[in-house]
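Beneath this line is the structure, given in structure tokens, with notes to follow.
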Protein chains: 2
Amino acid sequence: MTAVLTDLLAALGTGALRIVDLTHTLAPDFPNITLPPEVGQSRPFRMEEVSRYDERGGAWYWNNLSFGEHTGTHFDAPVHWVSGRDRPNGSCDTIPVGDFIAPACVIDCVADSARDADFLLTRGFLEAWEAEHGRIPAGSWVLMRTDWSKKTDPVAYQNFDAIGQHTPGPDPDCVRFLVEERDVIGFGTETIGTDAGQAAHFLPPYPCHYYMHGAGKYGLQCLANLDLLPPTGAVLIAAPLKILQGSGSPLRVLALVPTAGQRA
Amino acid sequence: MTAVLTDLLAALGTGALRIVDLTHTLAPDFPNITLPPEVGQSRPFRMEEVSRYDERGGAWYWNNLSFGEHTGTHFDAPVHWVSGRDRPNGSCDTIPVGDFIAPACVIDCVADSARDADFLLTRGFLEAWEAEHGRIPAGSWVLMRTDWSKKTDPVAYQNFDAIGQHTPGPDPDCVRFLVEERDVIGFGTETIGTDAGQAAHFLPPYPCHYYMHGAGKYGLQCLANLDLLPPTGAVLIAAPLKILQGSGSPLRVLALVPTAGQRA
Ligand SMILES: [Mn+2]
Ligand SMILES: [Mn+2]
């Protein structure tokens, strides 16, 4: 085995490198994306037992599943959005596999998001982050940490009122900065959607979907455990199911994280 | 970033390390597992378009999906089988994440499987392999390469006749050897199921499911591109969806493979 792989397995074996699971459990009670009734609806996650060591299959247990592509912790492909519809290699089955392993920058927006559920991440906020942690490298995931994943009450997680949904996200100028000036690989959030809850009213509407996917970049949503990641230094493994012309996919998102104080 | 991760990204960047996708495209025409009509049936993969930049959602395209847990290129968890029903951490949502990255041994059974669709991998075959390539390390995936994945005709891929299905797999003694004497992490095949097509008639029936899952080990099925892997030296990333009490899951299986002749 080549040295880089031997070293990787050794570091995992000694605990110098940990694997952190950024994935929520896919279950019927996980909050689903909510859209106005006049448009097509994404099916919530449902399981139906096929057999459980019983007369329907004595030696085995398994389930049938149904859900929308954008369910639970999931990946957004460029073709999900009209701005990315003509991107080459823009669907789950055609994205270059090299894009499935990439470093991550984690932006701590916890205090601001707790203060204001409509908190918007700005270019200025990122520039302040860069002054402390260094420039966001090209090809990185930028993950917006809000601790939203800790809201176990589905009503609080969705956070709707009469006006609509109130969840944090990036503002249009921030997204353009990440796409045009930092050439990131994609943007990830702990909420449902990479855009803020009120982003239908932005110009353009849903700027994170619009600009990211228009530039062939990806999204990750409903991430968990971002509080276990360092601001820089983690590597994400995020590979969607290879769905034919898939617009997105639930997936297992794993982070390789150096253990503080251990040599790796 | 710690050295092991810097080296990993650098090796991927230079091409010294390649990512090989071992996954078939998840599509309605991919062959589905076939069972007698008197037992519960695993649903084939189906997609239903929710919107495509049209009146059902002007700016976005997405699909609803339905399928059984054991569809396409997929993972078998210990609880899938009655022998593994009481294994701790035996379902897709409870398996330790450290098990999702592991080295692979690839056993070339192409010629034998072409000669005999009912070819059975034996302990003796593995011992001959070990004489050439070294002992199968504990914690390795053992992948049975048959080039079955190259059969693009679904009838030839399933290979049923009046007696039943004819596809290669391991014999019971071979499985016990891998579990008890080599302590592998799991067994992978290019066919539908980790067991041979005729394994219902073995003692015990479906020995690969019975012994592997009874020992808390995993399965991978419908793998592709095993011909692109070296006999040893590749590392597999195989992380199932985090399905609540899931018995298995379609997944993206990636192999990290050193490029011949390049330093990594
Ligand atoms: Mn989405
Ligand atoms: Mn299976």
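Starting from 1 in every chain, residues are counted up; chains themselves are A, B, ... following the order of the structure tokens, and ligands are numbered from 1 as listed.
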
Can you build me a table of chain A residues sitting at most 7 Å from ligand 1, with the closest atom pair per residue and its distance in Å to one decimal, using only C-alpha atoms and all ligand atoms, sorted by chain and residue number, as CSV?
residue,atom,partner,partner_atom_place_in_ligand_line,distance
A:His70,CA,ligand 1,1 (Mn),4.5
A:His74,CA,ligand 1,1 (Mn),6.5
A:Phe75,CA,ligand 1,1 (Mn),6.3
A:Asp76,CA,ligand 1,1 (Mn),4.9
A:Gly193,CA,ligand 1,1 (Mn),5.5
A:Gln221,CA,ligand 1,1 (Mn),6.5
A:Gly248,CA,ligand 1,1 (Mn),6.5

The selected residues should be written to file as a PDB file, in the first residue's frame (atoms: N, CA, C and O atoms).
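Written out: selection-v3.pdb:
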ATOM      1  N   HIS A  70     -34.384  15.534  -1.874  1.00  0.00           N
ATOM      2  CA  HIS A  70     -33.870  16.557  -0.953  1.00  0.00           C
ATOM      3  C   HIS A  70     -34.438  16.326   0.450  1.00  0.00           C
ATOM      4  O   HIS A  70     -35.204  17.123   0.967  1.00  0.00           O
ATOM      5  N   HIS A  74     -28.640  16.145   3.147  1.00  0.00           N
ATOM      6  CA  HIS A  74     -28.610  15.855   1.704  1.00  0.00           C
ATOM      7  C   HIS A  74     -27.748  16.839   0.924  1.00  0.00           C
ATOM      8  O   HIS A  74     -27.314  17.870   1.417  1.00  0.00           O
ATOM      9  N   PHE A  75     -27.526  16.433  -0.320  1.00  0.00           N
ATOM     10  CA  PHE A  75     -26.622  17.099  -1.274  1.00  0.00           C
ATOM     11  C   PHE A  75     -27.473  17.742  -2.367  1.00  0.00           C
ATOM     12  O   PHE A  75     -28.434  17.141  -2.845  1.00  0.00           O
ATOM     13  N   ASP A  76     -27.123  18.957  -2.776  1.00  0.00           N
ATOM     14  CA  ASP A  76     -27.767  19.615  -3.922  1.00  0.00           C
ATOM     15  C   ASP A  76     -26.798  19.621  -5.094  1.00  0.00           C
ATOM     16  O   ASP A  76     -25.669  20.114  -4.970  1.00  0.00           O
ATOM     17  N   GLY A 193     -32.201  23.656   3.516  1.00  0.00           N
ATOM     18  CA  GLY A 193     -31.905  24.573   2.422  1.00  0.00           C
ATOM     19  C   GLY A 193     -30.623  25.341   2.703  1.00  0.00           C
ATOM     20  O   GLY A 193     -30.296  25.665   3.847  1.00  0.00           O
ATOM     21  N   GLN A 221     -27.189  20.297   3.098  1.00  0.00           N
ATOM     22  CA  GLN A 221     -28.174  20.822   4.031  1.00  0.00           C
ATOM     23  C   GLN A 221     -28.471  19.827   5.140  1.00  0.00           C
ATOM     24  O   GLN A 221     -28.211  18.637   4.985  1.00  0.00           O
ATOM     25  N   GLY A 248     -30.251  15.781  -6.531  1.00  0.00           N
ATOM     26  CA  GLY A 248     -29.764  15.816  -5.164  1.00  0.00           C
ATOM     27  C   GLY A 248     -29.948  14.453  -4.556  1.00  0.00           C
ATOM     28  O   GLY A 248     -30.469  13.542  -5.208  1.00  0.00           O
TER      29      GLY A 248
END

* To do: Give as a list in words the residues surrounding ligand 2 up to a distance of 10 Å, considering only C-alpha atoms and all ligand atoms.
  => Trp60 and Trp62 of chain A; Ile33, Gly68, Glu69, His70, Thr71, Gly72, Thr73, His74, Phe75, Asp76, Ala77, His80, Trp81, Ile192, Gly193, Thr194, Asp195, His209, Tyr218, Gly219, Leu220, Gln221, Cys222, Ser247, Gly248, Ser249 and Pro250 of chain B

* Compile the contact shell of Asp118 (chain B) as a PyMOL selection string: residues with an atom at most 12 Å away, counting only C-alpha atoms, same-chain residues fewer than 3 positions apart removed. => chain B and resi 109+112-115+121+146+159-160+164-171+191+195-199

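In this structure, CA of His213 (chain A) sits 4.9 Å away from CA of Gly84 (chain A).
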
* Select from region 28-222 of chain A everything DSSP, run on the backbone, classes as strand (DSSP E or B), then give the selection as an MDAnalysis selection string. => chainID A and resid 46:54 57:68 74:76 81 101:108 120:121 141:145 160 165 169:170 186:189 218:221
